[in-house]
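**Q** final.cif is reproduced in full below (mmCIF, C-alpha atoms).
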data_upload
#
loop_
_atom_site.label_atom_id
_atom_site.label_comp_id
_atom_site.auth_asym_id
_atom_site.auth_seq_id
_atom_site.Cartn_x
_atom_site.Cartn_y
_atom_site.Cartn_z
CA MET A 14 -35.05 -222.79 -150.23
CA SER A 15 -36.33 -222.75 -146.66
CA ILE A 16 -35.06 -220.34 -144.05
CA GLU A 17 -34.33 -223.23 -141.71
CA ARG A 18 -32.00 -224.83 -144.23
CA ASP A 19 -30.18 -221.52 -144.84
CA LEU A 20 -29.72 -221.02 -141.11
CA ALA A 21 -28.27 -224.51 -140.72
CA ARG A 22 -25.53 -223.50 -143.16
CA LEU A 23 -24.42 -220.44 -141.20
CA SER A 24 -21.43 -222.16 -139.63
CA GLY A 25 -17.84 -222.34 -140.80
CA GLU A 26 -14.49 -223.39 -139.48
CA LEU A 27 -13.17 -222.87 -135.96
CA PRO A 28 -11.21 -219.57 -136.02
CA SER A 29 -7.48 -220.14 -136.28
CA GLY A 30 -5.69 -219.79 -132.97
CA LEU A 31 -8.72 -220.53 -130.84
CA SER A 32 -7.66 -224.02 -129.70
CA GLU A 33 -4.22 -222.63 -128.94
CA GLY A 34 -5.77 -219.78 -126.96
CA VAL A 35 -7.72 -222.28 -124.89
CA ALA A 36 -4.64 -224.48 -124.35
CA LEU A 37 -2.70 -221.45 -123.09
CA GLY A 38 -5.59 -220.10 -121.02
CA THR A 39 -6.21 -223.40 -119.25
CA GLY A 40 -2.51 -223.93 -118.61
CA LEU A 41 -2.51 -227.15 -120.67
CA ALA A 42 0.22 -225.58 -122.77
CA ASP A 43 2.78 -222.81 -122.39
CA GLY A 44 3.49 -220.24 -125.07
CA PHE A 45 6.92 -219.29 -126.33
CA ASP A 46 8.44 -216.49 -128.35
CA LEU A 47 12.01 -215.67 -129.39
CA TYR A 48 14.01 -212.67 -128.17
CA GLU A 49 17.52 -211.31 -128.58
CA SER A 50 19.90 -211.09 -125.62
CA ALA A 51 23.58 -210.35 -124.92
CA ILE A 52 24.30 -214.09 -125.31
CA GLY A 53 22.29 -214.55 -128.52
CA GLN A 54 18.74 -215.63 -129.24
CA VAL A 55 16.75 -216.96 -126.31
CA VAL A 56 13.29 -218.45 -125.99
CA VAL A 57 10.93 -216.84 -123.49
CA ILE A 58 8.23 -219.21 -122.23
CA PHE A 59 5.06 -217.87 -120.61
CA ASN A 60 1.48 -218.53 -119.56
CA THR A 61 -1.38 -216.18 -118.75
CA LEU A 62 0.14 -215.39 -115.33
CA GLY A 63 3.55 -214.32 -116.57
CA VAL A 64 6.93 -215.46 -117.83
CA SER A 65 7.67 -218.95 -116.52
CA SER A 66 11.04 -219.78 -118.05
CA VAL A 67 13.87 -218.70 -120.34
CA ASP A 68 16.08 -221.05 -122.34
CA ILE A 69 18.66 -221.02 -125.12
CA ALA A 70 16.93 -221.00 -128.52
CA ASP A 71 18.59 -224.12 -129.90
CA ASP A 72 16.60 -226.92 -131.54
CA ARG A 73 16.27 -228.97 -128.36
CA PHE A 74 14.49 -226.45 -126.13
CA PRO A 75 11.00 -227.98 -126.67
CA GLU A 76 12.27 -231.35 -125.42
CA ARG A 77 13.91 -229.79 -122.38
CA HIS A 78 10.73 -227.89 -121.62
CA THR A 79 8.47 -230.95 -121.80
CA GLU A 80 10.92 -232.97 -119.73
CA ARG A 81 11.17 -230.36 -117.01
CA PHE A 82 7.65 -228.90 -116.87
CA ARG A 83 5.53 -231.72 -118.40
CA ARG A 84 3.51 -229.36 -120.55
CA ALA A 85 3.11 -228.78 -124.28
CA LEU A 86 4.67 -225.72 -125.91
CA LEU A 87 3.08 -223.50 -128.54
CA ARG A 88 4.53 -220.59 -130.51
CA ALA A 89 2.42 -217.61 -129.41
CA GLU A 90 2.52 -213.95 -128.56
CA ALA A 91 2.67 -213.13 -124.87
CA PRO A 92 -0.39 -211.27 -123.46
CA SER A 93 -0.36 -207.76 -124.91
CA VAL A 94 -0.57 -206.14 -121.45
CA TRP A 95 3.02 -207.09 -120.62
CA ARG A 96 4.51 -208.37 -123.89
CA GLY A 97 6.33 -205.06 -124.41
CA LEU A 98 8.10 -205.37 -121.05
CA ILE A 99 10.01 -208.55 -122.03
CA PRO A 100 12.91 -207.05 -124.06
CA GLU A 101 13.71 -204.45 -121.39
CA ALA A 102 13.51 -207.07 -118.60
CA ILE A 103 16.07 -209.18 -120.50
CA GLU A 104 18.37 -206.21 -121.10
CA ARG A 105 18.03 -204.87 -117.54
CA GLY A 106 18.38 -208.34 -116.01
CA SER A 107 15.44 -207.99 -113.62
CA PRO A 108 11.68 -208.45 -113.96
CA GLY A 109 10.65 -204.90 -112.98
CA ARG A 110 6.90 -204.74 -113.71
CA LEU A 111 7.02 -207.91 -115.86
CA PRO A 112 4.98 -210.64 -114.12
CA VAL A 113 6.88 -213.90 -113.52
CA ASP A 114 5.28 -217.25 -112.69
CA LEU A 115 7.38 -219.05 -110.07
CA ARG A 116 4.70 -221.58 -109.03
CA PRO A 117 6.84 -224.63 -109.90
CA VAL A 118 9.47 -223.74 -107.27
CA THR A 119 9.19 -223.89 -103.47
CA ASP A 120 8.58 -220.82 -101.29
CA PHE A 121 12.22 -220.86 -100.19
CA GLN A 122 13.44 -221.04 -103.79
CA GLN A 123 11.08 -218.18 -104.69
CA GLN A 124 12.55 -216.04 -101.93
CA VAL A 125 16.05 -216.83 -103.16
CA LEU A 126 15.16 -215.94 -106.75
CA LEU A 127 13.36 -212.73 -105.85
CA THR A 128 16.34 -211.67 -103.72
CA THR A 129 18.67 -212.51 -106.62
CA ALA A 130 16.55 -210.19 -108.77
CA THR A 131 17.55 -207.25 -106.52
CA ILE A 132 21.28 -207.50 -107.32
CA PRO A 133 22.12 -204.40 -109.38
CA LYS A 134 23.32 -204.73 -112.97
CA GLY A 135 27.12 -204.71 -113.16
CA GLU A 136 27.50 -206.18 -109.65
CA VAL A 137 27.77 -209.70 -108.22
CA ARG A 138 27.00 -211.29 -104.83
CA PRO A 139 28.23 -214.56 -103.29
CA TYR A 140 25.77 -217.33 -102.36
CA GLY A 141 26.32 -216.50 -98.70
CA TRP A 142 25.00 -213.00 -99.28
CA VAL A 143 21.74 -214.35 -100.74
CA ALA A 144 21.45 -216.81 -97.82
CA ARG A 145 21.88 -213.97 -95.31
CA GLU A 146 19.34 -211.80 -97.18
CA VAL A 147 16.66 -214.53 -97.01
CA HIS A 148 17.40 -214.94 -93.26
CA ARG A 149 18.83 -218.42 -93.70
CA PRO A 150 22.60 -217.68 -93.30
CA ASN A 151 23.43 -221.39 -92.94
CA ALA A 152 21.49 -222.51 -96.02
CA VAL A 153 24.25 -221.62 -98.49
CA ARG A 154 24.08 -224.97 -100.30
CA ALA A 155 20.28 -224.80 -100.60
CA VAL A 156 20.66 -221.29 -102.01
CA GLY A 157 23.20 -222.65 -104.49
CA SER A 158 20.85 -225.30 -105.78
CA ALA A 159 17.89 -222.89 -105.94
CA VAL A 160 19.98 -220.49 -108.02
CA ALA A 161 21.25 -223.32 -110.22
CA ARG A 162 17.68 -224.37 -110.97
CA ASN A 163 16.44 -220.83 -111.67
CA PRO A 164 13.74 -221.38 -114.32
CA ILE A 165 13.96 -217.76 -115.57
CA PRO A 166 17.67 -216.95 -116.14
CA LEU A 167 18.58 -213.53 -117.60
CA ILE A 168 15.35 -211.97 -116.25
CA ILE A 169 16.11 -213.32 -112.77
CA PRO A 170 19.83 -212.59 -112.91
CA CYS A 171 21.36 -215.71 -111.37
CA HIS A 172 24.49 -214.87 -113.41
CA ARG A 173 25.11 -212.18 -110.74
CA VAL A 174 25.50 -214.80 -108.00
CA VAL A 175 29.09 -216.07 -107.70
CA ARG A 176 30.93 -218.66 -105.62
CA THR A 177 31.77 -217.88 -102.02
CA ASP A 178 35.50 -217.83 -102.89
CA GLY A 179 34.72 -215.07 -105.41
CA HIS A 180 35.27 -217.20 -108.51
CA ILE A 181 32.55 -216.76 -111.12
CA GLY A 182 31.43 -220.38 -111.12
CA ASN A 183 28.95 -222.36 -113.15
CA TYR A 184 25.96 -221.27 -115.19
CA SER A 185 22.92 -223.23 -116.31
CA LEU A 186 22.02 -221.24 -119.41
CA GLY A 187 24.38 -222.73 -121.98
CA GLY A 188 27.48 -222.97 -119.75
CA PRO A 189 29.96 -220.77 -117.81
CA HIS A 190 31.19 -218.83 -120.87
CA ASN A 191 27.71 -217.26 -121.08
CA LYS A 192 27.98 -216.11 -117.46
CA ILE A 193 31.31 -214.43 -118.25
CA ASP A 194 29.88 -212.83 -121.42
CA LEU A 195 26.85 -211.51 -119.51
CA LEU A 196 28.95 -210.04 -116.69
CA GLU A 197 31.29 -208.49 -119.28
CA HIS A 198 28.25 -207.01 -121.09
CA GLU A 199 26.97 -205.54 -117.83
CA GLY A 200 30.33 -203.98 -116.94
CA ALA A 201 31.11 -206.27 -113.98
CA ASP A 202 34.61 -206.97 -115.39
CA PRO A 203 34.78 -210.78 -114.90
CA GLU A 204 38.54 -210.86 -115.49
CA ARG A 205 39.09 -208.51 -112.57
CA LEU A 206 36.71 -210.62 -110.43
CA GLU A 207 38.78 -213.74 -111.13
CA THR A 208 42.01 -211.86 -110.27
CA LEU A 209 40.57 -210.68 -106.94
CA ALA A 210 39.32 -214.22 -106.20
CA ALA A 211 42.78 -215.64 -106.92
CA ARG A 212 44.17 -213.13 -104.41
CA HIS A 213 41.52 -214.29 -101.86
CA VAL A 214 39.95 -210.84 -101.69
CA ARG A 215 36.37 -211.05 -100.38
CA VAL A 216 35.75 -207.48 -99.24
CA ARG A 217 37.48 -204.15 -99.83
CA ALA A 218 37.49 -201.18 -97.49
CA ASP A 219 37.65 -197.44 -98.09
CA ASN A 220 40.27 -196.20 -95.59
CA ALA A 221 38.71 -192.72 -95.57
CA SER A 222 35.12 -193.75 -94.72
CA GLY A 223 36.04 -196.80 -92.64
CA ARG A 224 33.48 -198.87 -94.50
CA TYR A 225 33.99 -202.17 -96.30
CA CYS A 226 32.18 -203.37 -99.43
CA LEU A 227 31.81 -206.34 -101.74
CA PRO A 228 34.32 -205.84 -104.61
CA THR A 229 31.68 -204.93 -107.25
CA CYS A 230 29.75 -202.46 -105.07
CA GLY A 231 29.47 -199.09 -106.82
CA VAL A 232 30.58 -197.34 -103.61
CA ILE A 233 34.03 -198.97 -103.41
CA ARG A 234 34.53 -198.87 -107.16
CA SER A 235 34.42 -195.08 -107.09
CA VAL A 236 37.18 -194.91 -104.44
CA PRO A 237 40.77 -194.24 -105.71
CA PRO A 238 42.85 -197.49 -105.51
CA ALA A 239 45.38 -195.91 -103.14
CA ARG A 240 42.66 -195.54 -100.50
CA VAL A 241 41.48 -199.19 -100.71
CA THR A 242 42.47 -202.00 -98.32
CA ASP A 243 41.64 -205.64 -99.17
CA PHE A 244 40.41 -208.28 -96.71
CA ARG A 245 40.09 -212.05 -96.89
CA SER A 246 36.80 -212.17 -94.98
CA VAL A 247 34.04 -210.08 -93.44
CA ALA A 248 35.32 -211.16 -90.01
CA GLN A 249 38.79 -209.78 -90.79
CA ALA A 250 37.31 -206.43 -91.86
CA GLU A 251 35.11 -206.33 -88.74
CA GLY A 252 38.16 -207.20 -86.64
CA SER A 253 39.87 -204.12 -88.02
CA GLY A 254 37.07 -201.98 -86.63
CA LEU A 255 35.46 -201.29 -90.01
CA ASP A 256 31.71 -200.97 -90.68
CA PRO A 257 29.69 -202.72 -93.42
CA CYS A 258 28.61 -200.63 -96.39
CA PRO A 259 24.85 -199.96 -96.09
CA VAL A 260 24.42 -200.19 -99.86
CA CYS A 261 25.86 -203.67 -100.61
CA ARG A 262 25.46 -205.07 -97.06
CA PRO A 263 28.52 -207.37 -97.43
CA ALA A 264 28.38 -211.02 -96.42
CA ASP A 265 30.60 -213.92 -97.37
CA MET B 14 -20.55 -237.62 -126.41
CA ASP B 15 -20.53 -240.38 -123.77
CA ASP B 16 -17.04 -241.38 -124.92
CA LEU B 17 -15.96 -237.79 -124.46
CA THR B 18 -17.18 -237.42 -120.86
CA GLU B 19 -15.73 -240.86 -120.13
CA ALA B 20 -12.35 -239.75 -121.48
CA LEU B 21 -12.58 -236.45 -119.56
CA SER B 22 -13.26 -238.23 -116.30
CA ALA B 23 -10.28 -240.52 -116.88
CA ASP B 24 -7.72 -237.86 -117.90
CA LEU B 25 -8.99 -234.29 -118.06
CA GLY B 26 -5.83 -232.71 -119.49
CA THR B 27 -5.44 -235.20 -122.33
CA ALA B 28 -9.11 -235.30 -123.33
CA PHE B 29 -9.92 -231.61 -123.07
CA PRO B 30 -8.37 -230.54 -126.43
CA THR B 31 -10.76 -233.03 -128.10
CA VAL B 32 -13.70 -231.28 -126.43
CA VAL B 33 -12.50 -227.99 -127.94
CA GLU B 34 -12.14 -229.65 -131.32
CA VAL B 35 -15.58 -231.28 -131.27
CA MET B 36 -17.65 -228.64 -129.48
CA GLY B 37 -15.74 -225.52 -130.55
CA LYS B 38 -17.19 -225.06 -134.04
CA PRO B 39 -20.93 -225.06 -133.16
CA LEU B 40 -20.25 -223.06 -129.99
CA PHE B 41 -18.27 -220.40 -131.82
CA TRP B 42 -20.64 -220.07 -134.80
CA GLY B 43 -23.72 -220.05 -132.59
CA LEU B 44 -22.23 -217.25 -130.48
CA ARG B 45 -21.03 -215.52 -133.62
CA ARG B 46 -24.62 -215.40 -135.00
CA ILE B 47 -26.13 -214.38 -131.67
CA CYS B 48 -23.76 -211.51 -130.88
CA GLY B 49 -23.03 -210.51 -134.48
CA ASP B 50 -19.35 -209.83 -133.81
CA HIS B 51 -16.51 -212.14 -134.81
CA GLN B 52 -13.98 -210.99 -132.23
CA GLU B 53 -16.46 -211.00 -129.39
CA ALA B 54 -17.63 -214.51 -130.29
CA GLU B 55 -14.02 -215.65 -130.37
CA ASP B 56 -13.35 -214.16 -126.92
CA LEU B 57 -16.54 -215.70 -125.53
CA THR B 58 -15.77 -219.15 -126.95
CA GLN B 59 -12.25 -219.11 -125.56
CA GLU B 60 -13.41 -217.87 -122.16
CA THR B 61 -16.19 -220.49 -122.05
CA PHE B 62 -13.71 -223.34 -122.56
CA ILE B 63 -11.26 -221.92 -120.02
CA ARG B 64 -14.04 -221.57 -117.39
CA ALA B 65 -15.28 -225.05 -118.24
CA TYR B 66 -11.82 -226.53 -117.78
CA ARG B 67 -11.36 -224.82 -114.40
CA ALA B 68 -14.75 -226.11 -113.27
CA LEU B 69 -13.99 -229.65 -114.44
CA GLU B 70 -10.72 -229.61 -112.47
CA GLY B 71 -12.83 -229.40 -109.32
CA PHE B 72 -15.38 -232.08 -110.29
CA GLU B 73 -15.37 -235.69 -109.12
CA PRO B 74 -14.91 -238.17 -112.03
CA GLU B 75 -18.43 -239.46 -111.42
CA ARG B 76 -19.88 -235.98 -111.93
CA ILE B 77 -17.89 -235.45 -115.13
CA ARG B 78 -19.12 -238.78 -116.54
CA GLU B 79 -22.73 -237.72 -115.99
CA LEU B 80 -22.36 -234.26 -117.54
CA GLN B 81 -24.41 -233.27 -120.56
CA LEU B 82 -21.53 -231.43 -122.20
CA ARG B 83 -23.34 -229.33 -124.79
CA PRO B 84 -26.02 -227.71 -122.59
CA TRP B 85 -23.45 -227.33 -119.80
CA LEU B 86 -20.99 -225.46 -122.06
CA TRP B 87 -23.78 -223.33 -123.50
CA THR B 88 -25.01 -222.40 -120.02
CA ILE B 89 -21.51 -221.12 -119.22
CA ALA B 90 -21.38 -219.27 -122.55
CA MET B 91 -24.80 -217.65 -122.04
CA ASN B 92 -23.85 -216.45 -118.56
CA LEU B 93 -20.59 -214.99 -119.85
CA GLY B 94 -22.45 -213.43 -122.79
CA ARG B 95 -24.89 -211.67 -120.48
CA ASN B 96 -21.99 -210.03 -118.64
CA HIS B 97 -20.36 -209.07 -121.94
CA LEU B 98 -23.62 -207.45 -123.07
CA ARG B 99 -23.96 -205.64 -119.77
CA ASP B 100 -20.43 -204.25 -120.19
CA ARG B 101 -21.35 -203.12 -123.68
CA SER B 102 -24.73 -201.62 -122.83
CA ARG B 103 -23.38 -198.14 -122.17
CA ARG B 104 -21.86 -197.98 -125.62
CA PRO B 105 -24.00 -197.37 -128.72
CA ILE B 106 -24.79 -200.59 -130.57
CA TYR B 107 -23.86 -200.60 -134.22
CA VAL B 108 -24.11 -203.26 -136.86
CA GLU B 109 -20.83 -204.05 -138.58
CA MET B 110 -21.52 -203.84 -142.30
CA THR B 111 -18.04 -204.53 -143.66
CA THR B 112 -17.58 -208.30 -143.70
CA GLU B 113 -14.52 -209.26 -141.63
CA VAL B 114 -12.01 -207.06 -143.40
CA GLY B 115 -8.67 -208.78 -143.52
CA HIS B 116 -9.86 -211.72 -141.45
CA GLU B 117 -8.41 -215.04 -142.51
CA ASP B 118 -11.37 -217.19 -141.43
CA PRO B 119 -13.80 -217.46 -144.33
CA GLU B 120 -17.41 -216.48 -143.72
CA PRO B 121 -20.04 -218.89 -145.00
CA VAL B 122 -21.78 -217.63 -148.12
CA ASP B 123 -24.28 -214.90 -147.35
CA GLY B 124 -23.17 -214.68 -143.72
CA ALA B 125 -23.22 -210.89 -143.67
CA ALA B 126 -26.74 -210.70 -145.10
CA TRP B 127 -27.99 -213.13 -142.44
CA ASP B 128 -26.23 -211.15 -139.73
CA ARG B 129 -28.15 -208.10 -140.87
CA ARG B 130 -31.47 -209.95 -140.89
CA LEU B 131 -30.78 -211.53 -137.49
CA SER B 132 -29.90 -208.14 -136.02
CA GLY B 133 -33.54 -207.12 -136.62
CA LEU B 134 -34.74 -209.73 -134.10
CA SER B 135 -35.06 -209.19 -130.37
CA GLU B 136 -32.22 -210.60 -128.26
CA SER B 137 -34.29 -213.56 -127.03
CA GLN B 138 -35.72 -214.34 -130.46
CA ARG B 139 -32.29 -214.26 -132.08
CA THR B 140 -30.84 -216.51 -129.38
CA ALA B 141 -33.71 -218.99 -129.71
CA VAL B 142 -33.59 -219.08 -133.52
CA VAL B 143 -29.79 -219.48 -133.64
CA LEU B 144 -29.71 -222.22 -130.99
CA ARG B 145 -32.57 -224.06 -132.69
CA HIS B 146 -31.54 -223.78 -136.34
CA VAL B 147 -27.83 -222.84 -136.54
CA VAL B 148 -26.65 -224.99 -133.63
CA GLY B 149 -29.41 -227.59 -133.95
CA MET B 150 -30.64 -227.80 -130.34
CA GLY B 151 -34.04 -229.06 -129.26
CA ILE B 152 -36.55 -226.78 -127.50
CA PHE B 153 -35.94 -228.49 -124.16
CA GLU B 154 -32.19 -227.94 -124.34
CA ILE B 155 -32.62 -224.29 -125.33
CA ALA B 156 -34.98 -223.77 -122.40
CA GLU B 157 -32.32 -225.28 -120.14
CA VAL B 158 -29.42 -223.10 -121.31
CA THR B 159 -31.39 -219.85 -121.53
CA GLY B 160 -33.31 -220.43 -118.30
CA ARG B 161 -36.64 -219.69 -120.03
CA PRO B 162 -39.82 -221.79 -120.14
CA GLU B 163 -40.19 -224.14 -123.11
CA GLY B 164 -43.38 -222.41 -124.25
CA THR B 165 -41.62 -219.05 -124.39
CA VAL B 166 -38.68 -220.53 -126.30
CA LYS B 167 -41.05 -222.12 -128.80
CA ALA B 168 -42.84 -218.79 -129.31
CA ASP B 169 -39.48 -216.97 -129.69
CA VAL B 170 -38.37 -219.41 -132.38
CA SER B 171 -41.55 -219.13 -134.41
CA ARG B 172 -41.84 -215.34 -134.06
CA GLY B 173 -38.16 -214.99 -134.94
CA LEU B 174 -38.57 -217.15 -138.05
CA SER B 175 -41.58 -215.20 -139.26
CA ARG B 176 -39.68 -211.94 -138.78
CA LEU B 177 -36.81 -213.34 -140.83
CA ARG B 178 -39.28 -214.42 -143.51
CA LYS B 179 -40.71 -210.90 -143.66
CA ALA B 180 -37.20 -209.40 -143.85
CA LEU B 181 -36.36 -211.73 -146.75
CA GLU B 182 -39.56 -210.80 -148.61
CA ALA B 183 -38.82 -207.09 -148.16
CA GLU B 184 -35.36 -207.41 -149.78
#
Starting from the file, give its structure as structure tokens.
**A**
Amino acid sequence: MSIERDLARLSGELPSGLSEGVALGTGLADGFDLYESAIGQVVVIFNTLGVSSVDIADDRFPERHTERFRRALLRAEAPSVWRGLIPEAIERGSPGRLPVDLRPVTDFQQQVLLTTATIPKGEVRPYGWVAREVHRPNAVRAVGSAVARNPIPLIIPCHRVVRTDGHIGNYSLGGPHNKIDLLEHEGADPERLETLAARHVRVRADNASGRYCLPTCGVIRSVPPARVTDFRSVAQAEGSGLDPCPVCRPAD
Amino acid sequence: MDDLTEALSADLGTAFPTVVEVMGKPLFWGLRRICGDHQEAEDLTQETFIRAYRALEGFEPERIRELQLRPWLWTIAMNLGRNHLRDRSRRPIYVEMTTEVGHEDPEPVDGAAWDRRLSGLSESQRTAVVLRHVVGMGIFEIAEVTGRPEGTVKADVSRGLSRLRKALEAE
């Protein structure tokens, strides 16, 4: 047999996974993998740039993904460089060093989401606080809709943003009971938050230091109850000659 | 091929997976025989398609329609391959003798023996022989993708083949 004919036979099949690798690398498809969280199994969706969304792992998530992002979805392993950071980012409720891809949202929405990611675990902030932090104190409604459309819940902890009246409010990832479960899991005591909201408490002051905090701030939570005075607004606390806590920087 | 560039120019995102399907096999196996390493060939193939897609995103439809897809893809692959080789040049080169341990993609019969024989050729001879006889390109096309004169390519192919013949006889 001739060498030429032997050489012509030196091909085989396309290696498995190669087409998928190209689809992910070009951005024609997103990859997904399943992870455990405090509210059950979730699907983490990613591309080569980072994690792009998180959803409940029910049987309709592929449809929701295609509808919202107009891209195909393939089961795949996230890039090995940051794959290992995903479980801790979910548990911690902030990206940390995990890259996130927020290209589908506007610059303003990105700012809102990145600010949301700075809220410590076990604490909550009202929409007005986020608006003040992004230097748009009057854009409370816009902040609300940016948070509601957070593509990466759990890792960008929009469950830590609550209504201005202090009530816990709605949650996009499977409904409000998940928000309560998450806050419970993180030690934010949602029942207590609802009680304070019902009593119209927005900020609480430490009589000894003369500083007022948001109710979940670690500073005020370590103060004995007898030393705490409640206020219905930041203005009321200011009017009493108190200073804002430099840690939680209260705003309503 | 004309249908493919036509489809690409009309809707890049929808048509591109077909390009991978049609062009992927010869591209991968050609690279696999040239570089002698399965994983590296896989990386190169994937990277070639990703670069190609990014380039196509910036092309006018007219330019896409006129593209000669195969030589264009191979030109990208050869350029990437050169950089890969440069990155590798500080490391000692070894020939992998165990045939794809635990790899799920079946090797064609005798693949390992041919890898060994091909590894005895110079880089340019091996490239010319593989493009001519494994991938099935003409001399003109090989000259285009390797950036070498046709006469040189022709000489590389025939010298490479006679080396392979000698290697076979010596076995």
**Q** Tell me which residues the PyMOL selection byres ((chain A) within 9 of (chain B)) grabs here, as an mmCIF file with C-alpha atoms, in the coordinates of the input.
**A**
data_model
loop_
_atom_site.group_PDB
_atom_site.id
_atom_site.type_symbol
_atom_site.label_atom_id
_atom_site.label_comp_id
_atom_site.auth_asym_id
_atom_site.auth_seq_id
_atom_site.Cartn_x
_atom_site.Cartn_y
_atom_site.Cartn_z
ATOM 1 C CA ILE A 16 -35.060 -220.340 -144.050
ATOM 2 C CA GLU A 17 -34.330 -223.230 -141.710
ATOM 3 C CA ARG A 18 -32.000 -224.830 -144.230
ATOM 4 C CA ASP A 19 -30.180 -221.520 -144.840
ATOM 5 C CA LEU A 20 -29.720 -221.020 -141.110
ATOM 6 C CA ALA A 21 -28.270 -224.510 -140.720
ATOM 7 C CA ARG A 22 -25.530 -223.500 -143.160
ATOM 8 C CA LEU A 23 -24.420 -220.440 -141.200
ATOM 9 C CA SER A 24 -21.430 -222.160 -139.630
ATOM 10 C CA GLY A 25 -17.840 -222.340 -140.800
ATOM 11 C CA GLU A 26 -14.490 -223.390 -139.480
ATOM 12 C CA LEU A 27 -13.170 -222.870 -135.960
ATOM 13 C CA PRO A 28 -11.210 -219.570 -136.020
ATOM 14 C CA SER A 29 -7.480 -220.140 -136.280
ATOM 15 C CA LEU A 31 -8.720 -220.530 -130.840
ATOM 16 C CA SER A 32 -7.660 -224.020 -129.700
ATOM 17 C CA GLY A 34 -5.770 -219.780 -126.960
ATOM 18 C CA VAL A 35 -7.720 -222.280 -124.890
ATOM 19 C CA ALA A 36 -4.640 -224.480 -124.350
ATOM 20 C CA GLY A 38 -5.590 -220.100 -121.020
ATOM 21 C CA THR A 39 -6.210 -223.400 -119.250
ATOM 22 C CA LEU A 41 -2.510 -227.150 -120.670
#
**Q** Give me the residues near A:Ser107 as a list in words, where near means some atom within 9 Å (using only C-alpha atoms) and where sequence neighbours in that chain fewer than 2 positions away do not count.
**A**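 Using only C-alpha atoms, the neighbours found are Glu101, Ala102, Ile103, Glu104, Arg105, Gly109, Leu111, Thr129, Ala130, Thr131, Ile132, Pro133, Lys134, Leu167, Ile168, Ile169 and Pro170 of chain A.
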**Q** Restricted to C-alpha atoms, what would the selected residues look like written as a PDB file, keeping the file's coordinate frame?
**A**
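This is the output file again-v6.pdb:
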ATOM      1  CA  GLU A 101      13.710-204.450-121.390  1.00  0.00           C
ATOM      2  CA  ALA A 102      13.510-207.070-118.600  1.00  0.00           C
ATOM      3  CA  ILE A 103      16.070-209.180-120.500  1.00  0.00           C
ATOM      4  CA  GLU A 104      18.370-206.210-121.100  1.00  0.00           C
ATOM      5  CA  ARG A 105      18.030-204.870-117.540  1.00  0.00           C
ATOM      6  CA  GLY A 109      10.650-204.900-112.980  1.00  0.00           C
ATOM      7  CA  LEU A 111       7.020-207.910-115.860  1.00  0.00           C
ATOM      8  CA  THR A 129      18.670-212.510-106.620  1.00  0.00           C
ATOM      9  CA  ALA A 130      16.550-210.190-108.770  1.00  0.00           C
ATOM     10  CA  THR A 131      17.550-207.250-106.520  1.00  0.00           C
ATOM     11  CA  ILE A 132      21.280-207.500-107.320  1.00  0.00           C
ATOM     12  CA  PRO A 133      22.120-204.400-109.380  1.00  0.00           C
ATOM     13  CA  LYS A 134      23.320-204.730-112.970  1.00  0.00           C
ATOM     14  CA  LEU A 167      18.580-213.530-117.600  1.00  0.00           C
ATOM     15  CA  ILE A 168      15.350-211.970-116.250  1.00  0.00           C
ATOM     16  CA  ILE A 169      16.110-213.320-112.770  1.00  0.00           C
ATOM     17  CA  PRO A 170      19.830-212.590-112.910  1.00  0.00           C
TER      18      PRO A 170
END
**Q** Could you list, as a list in words, every residue within 12 Å of A:Ser222, counting all atoms listed in the file and ignoring same-chain residues fewer than 2 positions away?
**A**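 Here the qualifying residues turn out to be Arg217, Ala218, Asp219, Asn220, Arg224, Tyr225, Cys226, Val232, Ile233, Val236, Arg240, Val241, Thr242, Gly254, Leu255, Asp256, Pro257 and Cys258 of chain A.
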**Q** Could you tell me which of B:Ala23, B:Leu80, B:Ala126, B:Val158 comes closest to B:Asn92 if we count only C-alpha atoms?
**A**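 Answer, going by the shortest atom-to-atom distance: B:Val158.
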**Q** Please evaluate the PyMOL selection byres ((chain B and resi 22) around 8) against the structure above and give the resulting residues as a PyMOL selection string.
**A** chain B and resi 18-21+23-25+73-75+77-78
**Q** Please provide as a list of chain:residue names all residues within 12 Å of A:His78, with the sequence filter that same-chain residues fewer than 2 positions apart are discarded (counting all atoms listed in the file).
**A** A:Ala42, A:Asp43, A:Gly44, A:Phe45, A:Val56, A:Val57, A:Ile58, A:Phe59, A:Ser65, A:Ser66, A:Val67, A:Asp68, A:Ile69, A:Ala70, A:Asp72, A:Arg73, A:Phe74, A:Pro75, A:Glu76, A:Glu80, A:Arg81, A:Phe82, A:Arg83, A:Arg84, A:Ala85, A:Leu86, A:Leu87, A:Pro164
**Q** How close does each residue of stretch 99-177 of chain A get to stretch 245-252 of chain A, giving the shortest atom pair and distance in Å to one decimal for every residue with an atom at most 12 Å away, counting all atoms listed in the file, sorted by chain and residue number, as JSON lines?
**A**
{"residue": "A:Gly141", "atom": "CA", "partner": "A:Val247", "partner_atom": "CA", "distance": 11.3}
{"residue": "A:Trp142", "atom": "CA", "partner": "A:Val247", "partner_atom": "CA", "distance": 11.2}
{"residue": "A:Thr177", "atom": "CA", "partner": "A:Ser246", "partner_atom": "CA", "distance": 10.4}
